[in-house]
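Working notes, structure below.
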Amino acid sequence: MSTHALLSALYIYPVKSLRGLAREAADVEPWGLAGDRRWMLVDADGRVITQRQQTSTALVTAQPSGGGSLRFTAPGQEALRVARPEQGTPEPVLIFHDKVDAVAAGDEAATWFSDYLGVRARLVYMADPAVCRPVDPEYSHPGDTVSFADGFPLLLTTTASLDTLNTHIAQGANAAEGPLPMNRFRPNVVVDGTEGWAEDGWRRIRIGEVTFRVAKRCARCVVPTTNQDTAERGREPMRSLAKHHRIDGATIFGQNLIPEHPGTLRVGDPLTILE
């Protein structure tokens, strides 16, 4: 079934929970967009650090700077360039309930992030997502893997659903917090030209040359209440989602995608609903 919908924005997040970067085009790998969430921060016990615990991670930018390296900038910090660790002994780290092998980026990066966050932190890299982390088997096929994203290779949102949500916020008790920008939801792909909440009924789609299984609705945690430009938290969108878009007991915004094959996405690509 064709629509007049199209891909209006693309984002990658080189390091989990750090600032997103807009892209005009991005290669789709089996585990997500190229360059998306192959790095993350862990605490002294090897557990993932996200905006759930540390809202200030939203203010850190990780900009690719050639050769697989990243250049980090953050308020009050000198810029830091970190090379992709080509050698090093993989160690188990914990991302939610998943134990994954990763390689530490080194002491300089650990000191930089520990100073910024005020807690012990290390930067780690997932060397091989093809073998590191399977997708929840309840929603995937054998062999599906994911990087350090929350649970699925890509997250899709639509501007129509955001417009609908912002209308609810404007009519609610926390109207001063709206309208919210799309970056609150940290999507990879943003689609224009649909009806509000239309994505709830999709099962399989094609964007440009790439087809995706729509694996699972995205149940939202506290992160969308975090202003991505100030790191301050509010009540929205969770209050309005809980009232107006609660499905099977969860507050929903967006859809998790699993790619069926590699390819390239480009802003402006048409969306076709296959199922």
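Within each chain, counting starts at residue 1; across the structure tokens, chains are named A, B, ... in the order shown, with ligands numbered 1 upward in that order.
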Please provide the set of residues having any atom within 10 Å of A:Thr157, restricted to only C-alpha atoms, with same-chain residues fewer than 5 positions apart removed, written as a compact mmCIF listing (two decimals) with all heavy atoms, in the first residue's frame.
```
# COMPACT_ATOMS: atom_id res chain seq x y z
N ALA A 9 13.81 12.90 8.23
CA ALA A 9 15.01 13.13 9.03
C ALA A 9 15.64 11.80 9.40
O ALA A 9 14.96 10.78 9.56
CB ALA A 9 14.68 13.92 10.29
N LEU A 162 3.73 13.22 16.66
CA LEU A 162 4.24 14.27 17.55
C LEU A 162 3.28 15.45 17.57
O LEU A 162 3.02 16.02 18.65
CB LEU A 162 5.63 14.72 17.10
CG LEU A 162 6.25 15.82 17.96
CD1 LEU A 162 6.44 15.35 19.41
CD2 LEU A 162 7.59 16.28 17.37
N MET A 182 11.08 16.73 18.38
CA MET A 182 11.24 15.30 18.16
C MET A 182 12.47 14.73 18.84
O MET A 182 12.51 13.52 19.16
CB MET A 182 11.31 15.02 16.65
CG MET A 182 11.25 13.56 16.29
SD MET A 182 9.67 12.77 16.74
CE MET A 182 8.68 13.19 15.29
N PHE A 185 12.56 12.12 21.74
CA PHE A 185 12.28 10.70 21.57
C PHE A 185 13.44 9.94 20.94
O PHE A 185 13.37 8.73 20.78
CB PHE A 185 11.00 10.53 20.74
CG PHE A 185 9.83 11.20 21.39
CD1 PHE A 185 9.47 12.50 21.05
CD2 PHE A 185 9.10 10.55 22.38
CE1 PHE A 185 8.40 13.12 21.66
CE2 PHE A 185 8.03 11.17 23.00
CZ PHE A 185 7.69 12.46 22.65
N ARG A 186 14.50 10.63 20.55
CA ARG A 186 15.75 10.04 20.09
C ARG A 186 15.54 8.98 19.00
O ARG A 186 16.03 7.86 19.09
CB ARG A 186 16.52 9.49 21.29
CG ARG A 186 16.85 10.59 22.30
CD ARG A 186 17.57 10.08 23.52
NE ARG A 186 18.87 9.52 23.20
CZ ARG A 186 19.99 10.22 22.99
NH1 ARG A 186 19.97 11.55 23.06
NH2 ARG A 186 21.12 9.62 22.73
N PRO A 187 14.82 9.36 17.93
CA PRO A 187 14.58 8.39 16.84
C PRO A 187 15.79 8.28 15.92
O PRO A 187 16.68 9.15 15.90
CB PRO A 187 13.41 9.02 16.10
CG PRO A 187 13.65 10.50 16.24
CD PRO A 187 14.18 10.66 17.64
N ASN A 188 15.80 7.22 15.13
CA ASN A 188 16.73 7.12 14.01
C ASN A 188 16.11 7.64 12.72
O ASN A 188 16.78 8.31 11.93
CB ASN A 188 17.16 5.67 13.78
CG ASN A 188 17.99 5.11 14.91
OD1 ASN A 188 17.53 4.22 15.62
ND2 ASN A 188 19.18 5.61 15.10
N VAL A 189 14.84 7.29 12.49
CA VAL A 189 14.17 7.72 11.27
C VAL A 189 12.87 8.41 11.64
O VAL A 189 12.13 7.95 12.52
CB VAL A 189 13.91 6.52 10.31
CG1 VAL A 189 15.22 5.95 9.82
CG2 VAL A 189 13.07 5.44 10.95
N VAL A 190 12.61 9.54 10.98
CA VAL A 190 11.40 10.32 11.19
C VAL A 190 10.65 10.39 9.87
O VAL A 190 11.25 10.69 8.82
CB VAL A 190 11.71 11.73 11.71
CG1 VAL A 190 10.42 12.51 11.95
CG2 VAL A 190 12.55 11.68 12.98
N VAL A 191 9.36 10.13 9.92
CA VAL A 191 8.54 10.07 8.71
C VAL A 191 7.50 11.18 8.73
O VAL A 191 6.84 11.42 9.75
CB VAL A 191 7.85 8.69 8.61
CG1 VAL A 191 6.83 8.67 7.49
CG2 VAL A 191 8.89 7.60 8.40
N ASP A 192 7.34 11.85 7.60
CA ASP A 192 6.30 12.86 7.38
C ASP A 192 5.20 12.28 6.49
O ASP A 192 5.45 11.36 5.69
CB ASP A 192 6.88 14.07 6.63
CG ASP A 192 7.37 15.16 7.57
OD1 ASP A 192 7.08 15.09 8.77
OD2 ASP A 192 8.06 16.07 7.09
N TRP A 197 -0.52 8.50 14.82
CA TRP A 197 -0.54 7.14 15.35
C TRP A 197 -0.74 6.08 14.27
O TRP A 197 -0.96 4.91 14.60
CB TRP A 197 -1.59 6.95 16.44
CG TRP A 197 -1.61 8.01 17.51
CD1 TRP A 197 -2.70 8.71 17.92
CD2 TRP A 197 -0.51 8.46 18.32
NE1 TRP A 197 -2.35 9.59 18.93
CE2 TRP A 197 -1.01 9.46 19.19
CE3 TRP A 197 0.84 8.13 18.39
CZ2 TRP A 197 -0.21 10.13 20.11
CZ3 TRP A 197 1.65 8.79 19.30
CH2 TRP A 197 1.12 9.78 20.15
N GLU A 199 1.39 4.63 12.55
CA GLU A 199 2.46 3.62 12.64
C GLU A 199 2.13 2.47 13.58
O GLU A 199 2.74 1.40 13.51
CB GLU A 199 3.78 4.29 13.06
CG GLU A 199 3.81 4.88 14.45
CD GLU A 199 3.29 6.30 14.53
OE1 GLU A 199 2.57 6.74 13.60
OE2 GLU A 199 3.59 6.97 15.54
N CYS A 218 7.26 1.09 20.71
CA CYS A 218 8.29 1.57 21.64
C CYS A 218 7.63 2.07 22.92
O CYS A 218 6.98 3.12 22.93
CB CYS A 218 9.12 2.68 21.01
SG CYS A 218 10.51 3.18 22.05
N PHE A 253 5.35 5.60 22.10
CA PHE A 253 5.63 6.60 21.06
C PHE A 253 6.72 6.03 20.17
O PHE A 253 7.87 5.90 20.58
CB PHE A 253 6.07 7.94 21.65
CG PHE A 253 6.08 9.04 20.63
CD1 PHE A 253 4.97 9.85 20.44
CD2 PHE A 253 7.20 9.26 19.83
CE1 PHE A 253 4.95 10.85 19.48
CE2 PHE A 253 7.21 10.27 18.87
CZ PHE A 253 6.08 11.06 18.69
N GLY A 254 6.35 5.71 18.94
CA GLY A 254 7.31 5.20 17.96
C GLY A 254 7.25 3.70 17.80
O GLY A 254 6.55 2.99 18.54
N GLN A 255 7.99 3.22 16.81
CA GLN A 255 8.03 1.79 16.48
C GLN A 255 9.47 1.34 16.30
O GLN A 255 10.29 2.03 15.69
CB GLN A 255 7.25 1.52 15.19
CG GLN A 255 5.77 1.80 15.28
CD GLN A 255 5.02 0.73 16.05
OE1 GLN A 255 5.49 -0.39 16.19
NE2 GLN A 255 3.84 1.08 16.57
N ASN A 256 9.77 0.16 16.84
CA ASN A 256 11.09 -0.43 16.68
C ASN A 256 11.16 -1.23 15.38
O ASN A 256 10.25 -2.02 15.08
CB ASN A 256 11.40 -1.34 17.87
CG ASN A 256 11.58 -0.56 19.15
OD1 ASN A 256 12.50 0.24 19.28
ND2 ASN A 256 10.70 -0.79 20.11
```
Per-residue nearest contacts stretch 91-181 of chain A to stretch 32-42 of chain A, cut-off 6 Å, using only C-alpha atoms, as JSON lines:
```
{"residue": "A:Ala121", "atom": "CA", "partner": "A:Val42", "partner_atom": "CA", "distance": 5.6}
{"residue": "A:Arg122", "atom": "CA", "partner": "A:Val42", "partner_atom": "CA", "distance": 5.4}
{"residue": "A:Leu123", "atom": "CA", "partner": "A:Leu41", "partner_atom": "CA", "distance": 4.7}
{"residue": "A:Val124", "atom": "CA", "partner": "A:Met40", "partner_atom": "CA", "distance": 5.6}
{"residue": "A:Tyr125", "atom": "CA", "partner": "A:Trp39", "partner_atom": "CA", "distance": 4.5}
{"residue": "A:Met126", "atom": "CA", "partner": "A:Arg38", "partner_atom": "CA", "distance": 5.3}
{"residue": "A:Ser147", "atom": "CA", "partner": "A:Arg38", "partner_atom": "CA", "distance": 5.8}
{"residue": "A:Phe148", "atom": "CA", "partner": "A:Arg37", "partner_atom": "CA", "distance": 5.2}
{"residue": "A:Ala149", "atom": "CA", "partner": "A:Arg37", "partner_atom": "CA", "distance": 6.0}
{"residue": "A:Pro153", "atom": "CA", "partner": "A:Gly32", "partner_atom": "CA", "distance": 4.1}
{"residue": "A:Leu154", "atom": "CA", "partner": "A:Gly32", "partner_atom": "CA", "distance": 5.6}
```
Self-check item: Residues of stretch 45-272 of chain A in strand (DSSP E), written as number ranges by chain
Solution: A: 48-49, 61-64, 70-73, 80-82, 91-95, 98-104, 122-125, 154-158, 189-192, 204-207, 210-219, 246-247, 250-259, 263-266, 270-272
Quiz item: Skipping near chain neighbours, those fewer than 3 positions away, what residues fall within 8 Å of A:Leu70 using only C-alpha atoms, listed as a list of chain:residue names?
Solution: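 These residues fall inside the cut-off: A:Ala62, A:Gln63, A:Pro64, A:Ser65, A:Gly66, A:Arg81, A:Val82, A:Ala83, A:Arg84.
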Taking N, CA and C atoms for each residue, export the selection above as a CSV table (one decimal), in the first residue's frame.
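out29.csv written:
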```
chain,number,residue,atom,x,y,z
A,62,ALA,N,29.4,13.7,20.5
A,62,ALA,CA,30.5,12.8,19.9
A,62,ALA,C,30.5,12.9,18.4
A,63,GLN,N,31.5,13.5,17.9
A,63,GLN,CA,31.5,13.8,16.4
A,63,GLN,C,32.5,12.9,15.8
A,64,PRO,N,32.1,12.1,14.8
A,64,PRO,CA,33.1,11.3,14.1
A,64,PRO,C,34.2,12.1,13.5
A,65,SER,N,35.5,11.7,13.6
A,65,SER,CA,36.5,12.6,13.1
A,65,SER,C,37.6,11.8,12.3
A,66,GLY,N,37.2,10.7,11.7
A,66,GLY,CA,38.0,10.0,10.8
A,66,GLY,C,38.7,8.8,11.4
A,81,ARG,N,39.7,13.8,21.8
A,81,ARG,CA,39.6,12.9,20.7
A,81,ARG,C,40.0,11.5,21.2
A,82,VAL,N,39.1,10.5,20.8
A,82,VAL,CA,39.3,9.1,21.3
A,82,VAL,C,39.4,8.2,20.0
A,83,ALA,N,40.4,7.5,19.9
A,83,ALA,CA,40.6,6.5,18.8
A,83,ALA,C,39.7,5.3,19.1
A,84,ARG,N,39.2,4.7,18.0
A,84,ARG,CA,38.5,3.4,18.2
A,84,ARG,C,39.5,2.4,18.7
```
Quiz item: What does the distance between atom CA of A:Ala25 and atom CA of A:Ala58 come to in Å, to one decimal place?
Solution: 23.0 Å
